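Okay, so here's the structure we're looking at.
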Amino acid sequence: LLDLAKRGCFLAHSFFGKECSHYHFDESVDMPSDAQRVQRVKRLVDAGFASQVLISHDIVCKHELVRYGGHGYAHILENVVPKMVDRGIGKDVVMEILIDNPRRWLTFA
């Protein structure tokens, strides 16, 4: 990831909330946990690439909604953000990752 970051790429970390080791599209892939995703984000932040980090989760099935026992749309705000702060990512950096980076990426600014 650091090699891509050095080239100026945005580095998207998706699938927050997917806590399974099996990736049905490619069985050779081991899916990371949210804790591992946060560790990867922290490594990029520590290396000076916070302005290139994007995070997201996927709600594609009914069972992923809170109403049906899933983590729901607020998972990143309610669970991932506190973990990021607990792991030493500053609140200002978290806000950059959640607001500023997507804004820049979506507007090609």
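Residues in the structure tokens are named by chain (A, B, ... in the order shown) and by number from 1 within that chain; ligands are numbered from 1 in the order shown.
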
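Using only C-alpha atoms, the protein and nucleic acid residues lying no more than 9 Å from A:Gly72, apart from those fewer than 4 places from it along its own chain, are Gly17, Ile59, Glu64, Leu65, Val66 and Arg67 of chain A.
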
Got time to write the residues from that selection, all heavy atoms, as a compact mmCIF listing (two decimals), in the first residue's frame?
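Result file follows (result-v6.txt):
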```
# COMPACT_ATOMS: atom_id res chain seq x y z
N GLY A 17 -17.23 -3.89 8.70
CA GLY A 17 -18.44 -4.59 9.14
C GLY A 17 -18.51 -6.02 8.65
O GLY A 17 -19.29 -6.81 9.16
N ILE A 59 -23.52 -2.19 2.67
CA ILE A 59 -24.82 -2.70 3.09
C ILE A 59 -25.51 -3.10 1.78
O ILE A 59 -25.97 -2.25 1.02
CB ILE A 59 -25.66 -1.63 3.83
CG1 ILE A 59 -24.93 -1.10 5.05
CG2 ILE A 59 -27.03 -2.18 4.19
CD1 ILE A 59 -24.86 -2.04 6.21
N GLU A 64 -28.02 -7.19 6.77
CA GLU A 64 -26.99 -6.29 7.26
C GLU A 64 -27.55 -5.04 7.92
O GLU A 64 -26.82 -4.27 8.54
CB GLU A 64 -26.06 -5.91 6.11
CG GLU A 64 -25.29 -7.11 5.60
CD GLU A 64 -24.57 -6.89 4.30
OE1 GLU A 64 -25.01 -6.04 3.49
OE2 GLU A 64 -23.55 -7.56 4.09
N LEU A 65 -28.85 -4.84 7.79
CA LEU A 65 -29.51 -3.72 8.45
C LEU A 65 -29.71 -4.02 9.93
O LEU A 65 -29.91 -5.18 10.31
CB LEU A 65 -30.87 -3.45 7.80
CG LEU A 65 -30.82 -3.06 6.31
CD1 LEU A 65 -32.24 -3.04 5.73
CD2 LEU A 65 -30.14 -1.72 6.13
N VAL A 66 -29.67 -3.00 10.77
CA VAL A 66 -29.84 -3.18 12.22
C VAL A 66 -31.15 -3.88 12.52
O VAL A 66 -31.22 -4.78 13.37
CB VAL A 66 -29.77 -1.81 12.94
CG1 VAL A 66 -30.17 -1.93 14.40
CG2 VAL A 66 -28.36 -1.24 12.82
N ARG A 67 -32.17 -3.51 11.82
CA ARG A 67 -33.51 -4.10 12.05
C ARG A 67 -33.51 -5.62 11.92
O ARG A 67 -34.31 -6.31 12.55
CB ARG A 67 -34.48 -3.49 11.04
CG ARG A 67 -35.88 -3.99 11.15
CD ARG A 67 -36.76 -3.26 10.17
NE ARG A 67 -38.14 -3.70 10.31
CZ ARG A 67 -39.13 -3.23 9.62
NH1 ARG A 67 -38.92 -2.27 8.72
NH2 ARG A 67 -40.34 -3.68 9.79
```

Q. Which residues in chain A does DSSP call strand (DSSP E or B)? List them as a PyMOL selection string.
A. chain A and resi 11-16+22+30+53-57

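With distances taken over only C-alpha atoms, A:Ser51 is the one residue among A:Gln39, A:Ser33, A:Thr107, A:Ser51 lying closest to A:Cys9.
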
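Residues of stretch 7-98 of chain A that DSSP, applied to the backbone, places in alpha helix (DSSP H): Asp34, Ala35, Gln36, Arg37, Val38, Gln39, Arg40, Val41, Lys42, Arg43, Leu44, Val45, Asp46, His75, Val81, Pro82, Lys83, Met84, Val85, Asp86, Lys91, Asp92, Val93, Val94 and Met95 of chain A.
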
What would the file look like if the residues just selected were written as a CSV table (one decimal), in the first residue's frame with N, CA and C atoms?
```csv
chain,number,residue,atom,x,y,z
A,34,ASP,N,-12.2,-5.9,11.0
A,34,ASP,CA,-12.2,-4.4,11.2
A,34,ASP,C,-11.0,-4.0,11.9
A,35,ALA,N,-10.6,-4.8,12.9
A,35,ALA,CA,-9.4,-4.4,13.6
A,35,ALA,C,-8.2,-4.3,12.7
A,36,GLN,N,-8.0,-5.3,11.8
A,36,GLN,CA,-6.9,-5.3,10.9
A,36,GLN,C,-7.0,-4.1,9.9
A,37,ARG,N,-8.3,-3.8,9.5
A,37,ARG,CA,-8.4,-2.6,8.6
A,37,ARG,C,-8.0,-1.4,9.3
A,38,VAL,N,-8.4,-1.2,10.6
A,38,VAL,CA,-8.0,0.0,11.3
A,38,VAL,C,-6.5,0.0,11.5
A,39,GLN,N,-5.8,-1.1,11.7
A,39,GLN,CA,-4.4,-1.2,11.7
A,39,GLN,C,-3.7,-0.7,10.4
A,40,ARG,N,-4.3,-1.1,9.3
A,40,ARG,CA,-3.8,-0.7,8.0
A,40,ARG,C,-3.9,0.8,7.8
A,41,VAL,N,-5.1,1.3,8.2
A,41,VAL,CA,-5.3,2.8,8.1
A,41,VAL,C,-4.3,3.5,9.0
A,42,LYS,N,-4.1,3.0,10.2
A,42,LYS,CA,-3.1,3.7,11.1
A,42,LYS,C,-1.7,3.7,10.5
A,43,ARG,N,-1.3,2.6,9.9
A,43,ARG,CA,0.0,2.5,9.3
A,43,ARG,C,0.2,3.6,8.2
A,44,LEU,N,-0.9,3.8,7.4
A,44,LEU,CA,-0.9,4.8,6.4
A,44,LEU,C,-0.9,6.2,7.0
A,45,VAL,N,-1.6,6.4,8.0
A,45,VAL,CA,-1.7,7.7,8.7
A,45,VAL,C,-0.3,8.0,9.3
A,46,ASP,N,0.3,7.0,10.0
A,46,ASP,CA,1.6,7.2,10.6
A,46,ASP,C,2.7,7.5,9.5
A,75,HIS,N,-22.4,1.9,11.4
A,75,HIS,CA,-21.3,1.1,11.9
A,75,HIS,C,-20.0,1.8,11.9
A,81,VAL,N,-15.0,4.4,14.2
A,81,VAL,CA,-14.4,5.7,14.6
A,81,VAL,C,-13.8,5.6,16.0
A,82,PRO,N,-14.6,5.1,17.0
A,82,PRO,CA,-14.0,5.0,18.3
A,82,PRO,C,-12.8,4.1,18.4
A,83,LYS,N,-12.8,3.0,17.6
A,83,LYS,CA,-11.6,2.1,17.5
A,83,LYS,C,-10.4,2.9,16.9
A,84,MET,N,-10.6,3.7,15.9
A,84,MET,CA,-9.6,4.5,15.3
A,84,MET,C,-9.0,5.4,16.3
A,85,VAL,N,-9.8,6.1,17.1
A,85,VAL,CA,-9.3,7.0,18.1
A,85,VAL,C,-8.6,6.3,19.2
A,86,ASP,N,-9.1,5.1,19.6
A,86,ASP,CA,-8.5,4.3,20.6
A,86,ASP,C,-7.1,3.8,20.2
A,91,LYS,N,-8.6,12.7,16.3
A,91,LYS,CA,-9.9,13.0,15.9
A,91,LYS,C,-9.9,13.9,14.7
A,92,ASP,N,-9.0,14.8,14.6
A,92,ASP,CA,-8.9,15.7,13.4
A,92,ASP,C,-8.5,14.9,12.1
A,93,VAL,N,-7.7,13.9,12.3
A,93,VAL,CA,-7.4,13.0,11.2
A,93,VAL,C,-8.6,12.1,10.8
A,94,VAL,N,-9.3,11.6,11.8
A,94,VAL,CA,-10.5,10.9,11.5
A,94,VAL,C,-11.5,11.7,10.7
A,95,MET,N,-11.7,13.0,11.1
A,95,MET,CA,-12.6,13.9,10.3
A,95,MET,C,-12.1,14.1,8.9
```

Q: Excluding A:Lys18 and any residue of its chain fewer than 2 positions from it, enumerate the residues within 9 Å of it, using only C-alpha atoms, and give them as a list of chain:residue names.
A: A:Phe15, A:Phe16, A:Cys20, A:Ser21, A:Met31, A:Pro32, A:Ser33, A:Asp34, A:His57, A:Asp58

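Take atom CA of A:Ala47 and atom CA of A:Asn101: the distance between them is 16.5 Å.
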
Q: Give me, please, the distance in Å between atom CA of A:Leu77 and atom CA of A:Gly48, quoted to one decimal.
A: 23.0 Å

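As for atom CA of A:Ile99 and atom CA of A:Asp30, they are spaced 29.1 Å apart.
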
Q: Would you mind listing what lies within 9 Å of A:Gly8 as a PyMOL selection string, with only C-alpha atoms counted and same-chain residues fewer than 2 positions away left out?
A: chain A and resi 4-6+10+49+52

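Restricting the calculation to only C-alpha atoms, the smallest distance between A:Ser14 and any of A:Tyr73, A:Gly90, A:Ser28, A:Ile55 is found for A:Ile55.
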